[in-house]
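Asker: For reference, the structure I am asking about is given below.
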Amino acid sequence: LKAIDLMKKELPDLLILDVMMPMRTGPEILLEMKASTELKNIPTILMSAGTTTKYEQETYKWDIYMKKPFDLDELLENVKKLT
């Protein structure tokens, strides 16, 4: 619930979000984040165990979508692409 406030204070270089999280979903956080002038340019990786995503890139503006489970090397490669 405090994610947006924390991001505004810390301004992370990259954000990794799961679709399913307690309290708020990753896509809900993405929508709020991308609407914020301070946060909209932070690169994001959205991940899910689902086979496909109903969270379209055009709407939610994630940079990379990863299907779980994923290989650690794949995650690191994607992080390098965005930083």
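Residue numbers start at 1 in each chain; chains themselves are named A, B, ... in the order of the structure tokens; ligands are numbered from 1 in the order shown.
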As a PyMOL selection string, please: all residues of chain A that backbone DSSP puts in strand (DSSP E or B).
Answerer: chain A and resi 15-18+44-48+64-67
Asker: Output N, CA and C atoms of each residue in that selection to a file, as an mmCIF file, in the first residue's frame.
Answerer:
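The result, stored in part-v8.cif:
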```cif
data_model
loop_
_atom_site.group_PDB
_atom_site.id
_atom_site.type_symbol
_atom_site.label_atom_id
_atom_site.label_comp_id
_atom_site.auth_asym_id
_atom_site.auth_seq_id
_atom_site.Cartn_x
_atom_site.Cartn_y
_atom_site.Cartn_z
ATOM 1 N N LEU A 15 11.886 -1.278 -11.394
ATOM 2 C CA LEU A 15 10.842 -1.862 -10.549
ATOM 3 C C LEU A 15 10.453 -3.219 -11.113
ATOM 4 N N ILE A 16 10.427 -4.225 -10.246
ATOM 5 C CA ILE A 16 9.983 -5.568 -10.619
ATOM 6 C C ILE A 16 8.707 -5.844 -9.840
ATOM 7 N N LEU A 17 7.624 -6.091 -10.565
ATOM 8 C CA LEU A 17 6.307 -6.298 -9.946
ATOM 9 C C LEU A 17 5.718 -7.639 -10.345
ATOM 10 N N ASP A 18 5.099 -8.286 -9.392
ATOM 11 C CA ASP A 18 4.315 -9.483 -9.679
ATOM 12 C C ASP A 18 2.885 -9.034 -9.962
ATOM 13 N N THR A 44 10.125 -0.977 -15.862
ATOM 14 C CA THR A 44 9.405 -1.974 -15.072
ATOM 15 C C THR A 44 9.410 -3.341 -15.736
ATOM 16 N N ILE A 45 9.518 -4.349 -14.886
ATOM 17 C CA ILE A 45 9.351 -5.740 -15.300
ATOM 18 C C ILE A 45 8.113 -6.242 -14.578
ATOM 19 N N LEU A 46 7.140 -6.727 -15.327
ATOM 20 C CA LEU A 46 5.927 -7.306 -14.765
ATOM 21 C C LEU A 46 6.021 -8.807 -14.940
ATOM 22 N N MET A 47 5.742 -9.555 -13.865
ATOM 23 C CA MET A 47 5.843 -11.011 -13.956
ATOM 24 C C MET A 47 4.569 -11.667 -13.456
ATOM 25 N N SER A 48 4.302 -12.856 -14.003
ATOM 26 C CA SER A 48 3.112 -13.602 -13.622
ATOM 27 C C SER A 48 3.307 -15.082 -13.916
ATOM 28 N N ILE A 64 8.990 -4.948 -19.733
ATOM 29 C CA ILE A 64 9.239 -6.360 -20.032
ATOM 30 C C ILE A 64 8.244 -7.190 -19.226
ATOM 31 N N TYR A 65 7.662 -8.190 -19.875
ATOM 32 C CA TYR A 65 6.762 -9.135 -19.208
ATOM 33 C C TYR A 65 7.481 -10.477 -19.127
ATOM 34 N N MET A 66 7.519 -11.051 -17.918
ATOM 35 C CA MET A 66 8.174 -12.347 -17.731
ATOM 36 C C MET A 66 7.179 -13.350 -17.162
ATOM 37 N N LYS A 67 7.184 -14.533 -17.734
ATOM 38 C CA LYS A 67 6.343 -15.615 -17.238
ATOM 39 C C LYS A 67 7.114 -16.404 -16.187
#
```
Asker: Residues at most 8 Å from Ile4 in chain A, counting only C-alpha atoms, excluding those fewer than 6 positions away in the same chain, as a ChimeraX atom specification?
Answerer: /A:29,32-33
Asker: With N, CA and C atoms retained, write the just-selected residues as an mmCIF file, in the first residue's frame.
Answerer:
```cif
data_model
loop_
_atom_site.group_PDB
_atom_site.id
_atom_site.type_symbol
_atom_site.label_atom_id
_atom_site.label_comp_id
_atom_site.auth_asym_id
_atom_site.auth_seq_id
_atom_site.Cartn_x
_atom_site.Cartn_y
_atom_site.Cartn_z
ATOM 1 N N ILE A 29 -0.546 -0.888 -9.328
ATOM 2 C CA ILE A 29 0.588 -0.022 -8.973
ATOM 3 C C ILE A 29 1.162 0.617 -10.237
ATOM 4 N N GLU A 32 -0.930 3.629 -11.423
ATOM 5 C CA GLU A 32 -0.708 4.806 -10.587
ATOM 6 C C GLU A 32 0.693 5.377 -10.816
ATOM 7 N N MET A 33 1.656 4.507 -10.922
ATOM 8 C CA MET A 33 3.038 4.928 -11.116
ATOM 9 C C MET A 33 3.205 5.663 -12.445
#
```
Asker: Counting only C-alpha atoms, which residue out of A:Glu28, A:Asp71, A:Glu56, A:Glu38 sits closest to Leu11 in chain A?
Answerer: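 So, comparing all the options, the nearest one is A:Glu38.
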Asker: Between CA of Met23 in chain A and CA of Leu76 in chain A, measure the distance and give it in Å to one decimal.
Answerer: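 Computing the Euclidean distance for CA of Met23 in chain A and CA of Leu76 in chain A yields 27.3 Å.
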Asker: Can you pull out every residue within 10 Å of Thr83 in chain A, counting only C-alpha atoms, but drop anything in the same chain fewer than 2 positions away, and send it as a PyMOL selection string?
Answerer: chain A and resi 13-14+42-43+78-81
Asker: Any chance you could list, as a PyMOL selection string, the residues in chain A that come up helix (DSSP H, G or I) when DSSP is run on the backbone?
Answerer: chain A and resi 3-10+26-34+57-60+72-82
Asker: Taking into account only C-alpha atoms, which residue in the set A:Lys68, A:Lys9, A:Lys61, A:Arg24 is nearest to Lys40 in chain A?
Answerer: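 Among the listed residues, the smallest separation from Lys40 in chain A belongs to A:Lys61.
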Asker: Do you have the CA of Asp73 in chain A-CA of Pro22 in chain A distance handy?
Answerer: 26.7 Å
Asker: Quick one, how far is CA of Glu10 in chain A from CA of Ala35 in chain A?
Answerer: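 Between CA of Glu10 in chain A and CA of Ala35 in chain A the gap works out to 17.3 Å.
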